[in-house]
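Reviewing the structure listed below.
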Amino acid sequence: MIRKFVSGPEAVSKIPDGAIVAISGFNAAVSPFYLIDELIERYKKTGHPKHLFIISDAIPSIPGFGLDKIGKLILEDPGQEFVRGFLLPFYGWAPELQRAVMKNLVEAYTWPIGIVTRWLRSVAVGAPGIFSRVGLGTFIDPRLDGGFLNDLARERRTVRVEVVEVDGREYLLYKAPKPNVGLVRATTADEIGNLSMEQEAIYGSVLSIVEAVKAHPGGLVIAQVLRTVTLGEIHPKHVVVPGPLVDYVVVTRRGTEVEKYHWQTASFDLNPIISGDAPYRVAYEPIPLTAEKVIARRVVSQLVGVLKNLGRPIIVNLGIGIPALAADVISEEKLDDFIHLTVESGPWGGIALMEADFGAAMGHYAVIPMPDQFVLYEGGAIDATSLGFLQVDKEGNVNPAFLPGKLPGPGGFPVIAIGSPRVYFAGAFTAGPGKIFVKNCKLIIEEDRPITKFVEKVYKIVFSGKYAVEEEKEVLYITERAVFKLTPIGVELIEVAPGVDIERDILNKMEFKPVVRQIEEMDKRLFCDERLGLREEALEIIKK
């Protein structure tokens, strides 16, 4: 019998030069940081493996860990032969790697999370790539940037996106080299290598990575786990990856604060609430009424409107930043049983964690694999989403995060935005330091923020207004002082906050003139301390 349980150094010694390596991980969740560390150490000692191309379903990194350590190695040794390129949906939690990419030291490509997860399953059945409407008219479209993040990527084109036409309709064809090595993470392995994930925050795309690697011609799968048990101790329905698909198993420890080999998230070593093994019970304290909370309230009131139109509870995705505050408003208004929140990494319900812990949740009632979550998003099975924005332009295009010198990647944003039938972008009207607050049921702009966010042309198109109009989506841009709507003739101003001067506080702070027809005042309740009474509205809707 082949010896399956080996040390970390022995396992990574099996990885050949030139390998296409798929690595699981959503920030720290299900990221095999120990295996990545051992891979780096082996290269430093032996010069092998070299010329690796790394693909991930999200990003197995937080600052100082995982792929960020590889980024540091590249910066310290610009002539390194360790890694030749990356295909990652998100680079934001790997600042060292971002710097290496911007210095053009390594090929770098980016696709949305949902595209990578579906692509993994497609190459697992021998397809050349995947077709999708996601990305049309955005920086991923080859007629714009093609998902290339630097000149080295544009020159080598290891990863490509092509425009194709099917039945008179445009699609993008996403193509990349099939992985032949997989580094994945689970909690437990039995003696034949069956893997279970009971203490992990999410499932991620672990099984899809294994399927892609094992597809003909089959490759090498290495799993990092915390513990081993005898055959039969893992319930068959709890096995996430069957043992015969796993070549080597490496047992590690959780690690200290400076190692974090196998932490649930960036901040939590082991929290039974995150793994769903303990209930989440806290006394809810409403957050103070601020301009940001006003935005979140307006989002939630819009969601109650969706509830009213559909006459049933709804499924919603909330992005990071101000949209995430909507979850607090939903709790405050006691709407949890009417508005079902989902996190792109797989959790349903509960409260999503933020910052580097994003991807995990507390108090959730279900978790599904990330590829399945994104199939639901791209297919429009959710009812609405609220996402953040950095810039909006006159065509309704949205840039959520890209700026010169900052290349975070699209994350799950494009798939969620193009799949959802209703998209409610939420964010402050301007950016930077300022004094904007709520008082006496009015918005007070004592000192406006200096950075304009409604611009003539966004820096990078990550959401295309043109294609959203073609798909007949309901799109709103919700701020503390105004609400805009995407229409076939442009971005239309439809609501203004009480206490706001339209000319001074809105139109003069935009680089383009919006469509102005009929303007209403934003609901005054949004700016008052009392609860909005949305649960009562929801109950009336359901009764009917």
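By order of appearance in the structure tokens: chains A, B, ..., then residues from 1 within every chain, and ligands from 1 in the order shown.
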
Item to check | For range 414-418 of chain A: contacts at 6 Å, only C-alpha atoms, fewer than 2 positions along chain excluded, given as JSON, numbers by chain | outcome: {"A": [134, 377, 378, 412, 420]}

Next on the checklist: If DSSP is run on the backbone, what residues of range 90-141 of chain A are alpha helix (DSSP H)? A reply as a list of chain:residue names would be ideal.
Outcome noted: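 The alpha helix (DSSP H) residues within range 90-141 of chain A come out as A:Pro95, A:Glu96, A:Leu97, A:Gln98, A:Arg99, A:Ala100, A:Val101, A:Met102, A:Ile113, A:Gly114, A:Ile115, A:Val116, A:Thr117, A:Arg118, A:Trp119, A:Leu120, A:Arg121, A:Ser122, A:Val123, A:Ala124.
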
Output all heavy atoms for every residue in that selection, as a short mmCIF file (atom, residue, chain, number, x, y, z; two decimals), in the first residue's frame.
data_model
loop_
_atom_site.label_atom_id
_atom_site.label_comp_id
_atom_site.auth_asym_id
_atom_site.auth_seq_id
_atom_site.Cartn_x
_atom_site.Cartn_y
_atom_site.Cartn_z
N PRO A 95 -0.94 42.17 0.37
CA PRO A 95 -0.33 43.44 -0.04
C PRO A 95 1.06 43.28 -0.66
O PRO A 95 1.41 44.01 -1.59
CB PRO A 95 -0.28 44.26 1.25
CG PRO A 95 -0.43 43.27 2.37
CD PRO A 95 -1.27 42.17 1.81
N GLU A 96 1.85 42.32 -0.17
CA GLU A 96 3.18 42.11 -0.75
C GLU A 96 3.05 41.58 -2.17
O GLU A 96 3.79 42.00 -3.08
CB GLU A 96 3.98 41.13 0.11
CG GLU A 96 4.24 41.59 1.54
CD GLU A 96 5.20 42.78 1.58
OE1 GLU A 96 6.36 42.63 1.15
OE2 GLU A 96 4.78 43.85 2.04
N LEU A 97 2.12 40.67 -2.38
CA LEU A 97 1.90 40.14 -3.71
C LEU A 97 1.39 41.22 -4.65
O LEU A 97 1.79 41.29 -5.82
CB LEU A 97 0.93 38.96 -3.65
CG LEU A 97 0.62 38.27 -4.99
CD1 LEU A 97 1.89 37.82 -5.69
CD2 LEU A 97 -0.32 37.10 -4.77
N GLN A 98 0.50 42.08 -4.17
CA GLN A 98 0.04 43.20 -4.99
C GLN A 98 1.21 44.04 -5.48
O GLN A 98 1.27 44.44 -6.65
CB GLN A 98 -0.92 44.09 -4.18
CG GLN A 98 -2.35 43.63 -4.17
CD GLN A 98 -3.28 44.75 -3.71
OE1 GLN A 98 -3.47 45.74 -4.40
NE2 GLN A 98 -3.86 44.58 -2.53
N ARG A 99 2.14 44.32 -4.57
CA ARG A 99 3.29 45.15 -4.94
C ARG A 99 4.14 44.44 -6.00
O ARG A 99 4.64 45.08 -6.95
CB ARG A 99 4.14 45.47 -3.70
CG ARG A 99 3.55 46.60 -2.86
CD ARG A 99 4.53 47.08 -1.82
NE ARG A 99 4.50 46.23 -0.63
CZ ARG A 99 3.64 46.39 0.37
NH1 ARG A 99 2.73 47.33 0.32
NH2 ARG A 99 3.68 45.59 1.42
N ALA A 100 4.31 43.13 -5.86
CA ALA A 100 5.08 42.37 -6.85
C ALA A 100 4.41 42.41 -8.22
O ALA A 100 5.06 42.52 -9.25
CB ALA A 100 5.26 40.93 -6.38
N VAL A 101 3.08 42.35 -8.21
CA VAL A 101 2.31 42.41 -9.46
C VAL A 101 2.48 43.77 -10.12
O VAL A 101 2.72 43.88 -11.33
CB VAL A 101 0.82 42.11 -9.19
CG1 VAL A 101 -0.03 42.45 -10.42
CG2 VAL A 101 0.64 40.65 -8.80
N MET A 102 2.36 44.84 -9.32
CA MET A 102 2.47 46.19 -9.87
C MET A 102 3.88 46.51 -10.35
O MET A 102 4.08 47.33 -11.23
CB MET A 102 1.99 47.22 -8.84
CG MET A 102 0.47 47.19 -8.65
SD MET A 102 -0.17 48.46 -7.55
CE MET A 102 0.32 47.81 -5.95
N ILE A 113 -14.70 35.37 -8.60
CA ILE A 113 -14.71 34.11 -7.85
C ILE A 113 -15.62 33.08 -8.51
O ILE A 113 -15.23 31.94 -8.75
CB ILE A 113 -15.16 34.35 -6.39
CG1 ILE A 113 -14.11 35.15 -5.63
CG2 ILE A 113 -15.38 33.01 -5.69
CD1 ILE A 113 -14.51 35.52 -4.21
N GLY A 114 -16.85 33.45 -8.80
CA GLY A 114 -17.79 32.49 -9.35
C GLY A 114 -17.36 31.92 -10.68
O GLY A 114 -17.71 30.77 -11.02
N ILE A 115 -16.62 32.68 -11.46
CA ILE A 115 -16.10 32.19 -12.74
C ILE A 115 -15.03 31.12 -12.48
O ILE A 115 -15.02 30.06 -13.12
CB ILE A 115 -15.54 33.33 -13.59
CG1 ILE A 115 -16.67 34.29 -14.01
CG2 ILE A 115 -14.80 32.80 -14.81
CD1 ILE A 115 -17.75 33.66 -14.86
N VAL A 116 -14.13 31.38 -11.55
CA VAL A 116 -13.08 30.39 -11.25
C VAL A 116 -13.69 29.10 -10.70
O VAL A 116 -13.30 27.99 -11.10
CB VAL A 116 -12.04 30.95 -10.27
CG1 VAL A 116 -11.02 29.88 -9.91
CG2 VAL A 116 -11.34 32.16 -10.85
N THR A 117 -14.67 29.22 -9.79
CA THR A 117 -15.24 28.00 -9.21
C THR A 117 -15.96 27.17 -10.28
O THR A 117 -15.87 25.94 -10.28
CB THR A 117 -16.22 28.34 -8.07
OG1 THR A 117 -17.26 29.20 -8.55
CG2 THR A 117 -15.50 29.02 -6.92
N ARG A 118 -16.66 27.83 -11.20
CA ARG A 118 -17.35 27.09 -12.26
C ARG A 118 -16.35 26.56 -13.28
O ARG A 118 -16.54 25.47 -13.84
CB ARG A 118 -18.40 28.00 -12.93
CG ARG A 118 -19.37 27.25 -13.80
CD ARG A 118 -20.72 27.94 -13.85
NE ARG A 118 -20.70 29.23 -14.49
CZ ARG A 118 -20.74 29.41 -15.82
NH1 ARG A 118 -20.77 28.37 -16.63
NH2 ARG A 118 -20.76 30.62 -16.32
N TRP A 119 -15.29 27.31 -13.51
CA TRP A 119 -14.23 26.86 -14.43
C TRP A 119 -13.57 25.58 -13.91
O TRP A 119 -13.28 24.66 -14.67
CB TRP A 119 -13.20 27.97 -14.61
CG TRP A 119 -11.99 27.54 -15.36
CD1 TRP A 119 -11.82 27.46 -16.71
CD2 TRP A 119 -10.74 27.11 -14.79
NE1 TRP A 119 -10.56 27.01 -17.02
CE2 TRP A 119 -9.88 26.80 -15.86
CE3 TRP A 119 -10.27 26.98 -13.49
CZ2 TRP A 119 -8.57 26.35 -15.66
CZ3 TRP A 119 -8.98 26.53 -13.27
CH2 TRP A 119 -8.15 26.22 -14.36
N LEU A 120 -13.35 25.51 -12.60
CA LEU A 120 -12.75 24.30 -12.02
C LEU A 120 -13.59 23.07 -12.35
O LEU A 120 -13.07 22.01 -12.71
CB LEU A 120 -12.61 24.45 -10.51
CG LEU A 120 -11.51 25.38 -10.01
CD1 LEU A 120 -11.71 25.71 -8.53
CD2 LEU A 120 -10.13 24.76 -10.23
N ARG A 121 -14.90 23.22 -12.24
CA ARG A 121 -15.78 22.09 -12.54
C ARG A 121 -15.81 21.79 -14.04
O ARG A 121 -15.96 20.64 -14.45
CB ARG A 121 -17.19 22.39 -12.03
CG ARG A 121 -17.28 22.32 -10.51
CD ARG A 121 -18.70 22.56 -10.02
NE ARG A 121 -18.81 22.23 -8.60
CZ ARG A 121 -19.94 22.34 -7.91
NH1 ARG A 121 -21.04 22.78 -8.50
NH2 ARG A 121 -19.97 22.02 -6.63
N SER A 122 -15.65 22.82 -14.85
CA SER A 122 -15.66 22.61 -16.30
C SER A 122 -14.43 21.87 -16.77
O SER A 122 -14.53 20.94 -17.58
CB SER A 122 -15.78 23.95 -17.03
OG SER A 122 -17.03 24.55 -16.77
N VAL A 123 -13.25 22.26 -16.28
CA VAL A 123 -12.04 21.54 -16.71
C VAL A 123 -12.04 20.13 -16.15
O VAL A 123 -11.41 19.23 -16.71
CB VAL A 123 -10.74 22.28 -16.32
CG1 VAL A 123 -10.65 23.61 -17.03
CG2 VAL A 123 -10.60 22.46 -14.81
N ALA A 124 -12.80 19.90 -15.07
CA ALA A 124 -12.91 18.56 -14.51
C ALA A 124 -13.66 17.61 -15.44
O ALA A 124 -13.51 16.39 -15.33
CB ALA A 124 -13.60 18.60 -13.15
#

Checklist entry - Which residues come within 6 Å of Phe425 in chain A, counting only C-alpha atoms, excluding same-chain residues fewer than 3 positions away, as number ranges by chain? => result A: 386-388, 477-478

Next on the checklist: Give me the residues near Leu493 in chain A as a VMD selection string, where near means some atom within 8 Å (using only C-alpha atoms) and where sequence neighbours in that chain fewer than 6 positions away do not count.
Outcome noted: chain A and resid 482 to 485 514 to 517 519

Item to check | Shell of 8 Å around Gly18 in chain A, only C-alpha atoms, local chain residues under 6 positions omitted, as a list of chain:residue names | outcome: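 These residues fall inside the cut-off: A:Pro49, A:Lys50, A:His51, A:Leu52, A:Phe53.
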
Item to check | Shell around range 331-341 of chain A at 7 Å using only C-alpha atoms, local window under 4 positions removed, as a ChimeraX atom specification | outcome: /A:286,313-317,327,348-349,531,533-535

Residues of the last selection are to be written out with C-alpha atoms, as a PDB file, in the first residue's frame.
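Output file again.pdb follows:
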ATOM      1  CA  PRO A 286     -28.749  48.949  17.700  1.00  0.00           C
ATOM      2  CA  PRO A 313     -39.490  36.006   2.079  1.00  0.00           C
ATOM      3  CA  ILE A 314     -36.491  36.884  -0.073  1.00  0.00           C
ATOM      4  CA  ILE A 315     -32.871  35.738  -0.534  1.00  0.00           C
ATOM      5  CA  VAL A 316     -30.250  38.485  -0.475  1.00  0.00           C
ATOM      6  CA  ASN A 317     -26.487  38.932  -0.710  1.00  0.00           C
ATOM      7  CA  ALA A 327     -27.522  43.217   8.340  1.00  0.00           C
ATOM      8  CA  TRP A 348     -26.755  31.276   4.853  1.00  0.00           C
ATOM      9  CA  GLY A 349     -28.253  33.373   7.640  1.00  0.00           C
ATOM     10  CA  ARG A 531     -37.229  52.106  14.553  1.00  0.00           C
ATOM     11  CA  GLY A 533     -41.418  49.674  11.816  1.00  0.00           C
ATOM     12  CA  LEU A 534     -40.476  47.518   8.836  1.00  0.00           C
ATOM     13  CA  ARG A 535     -41.369  44.241  10.534  1.00  0.00           C
TER      14      ARG A 535
END

Next on the checklist: Please identify the strand (DSSP E) residues within range 318-507 of chain A (assignment by DSSP from backbone atoms) and present them as a PyMOL selection string.
Outcome noted: chain A and resi 318+339-342+347-348+351-352+361-362+366-367+384-387+391-393+398-399+422-426+430-431+435-439+442-447+451-452+454-455+474-478+482-487+490-496
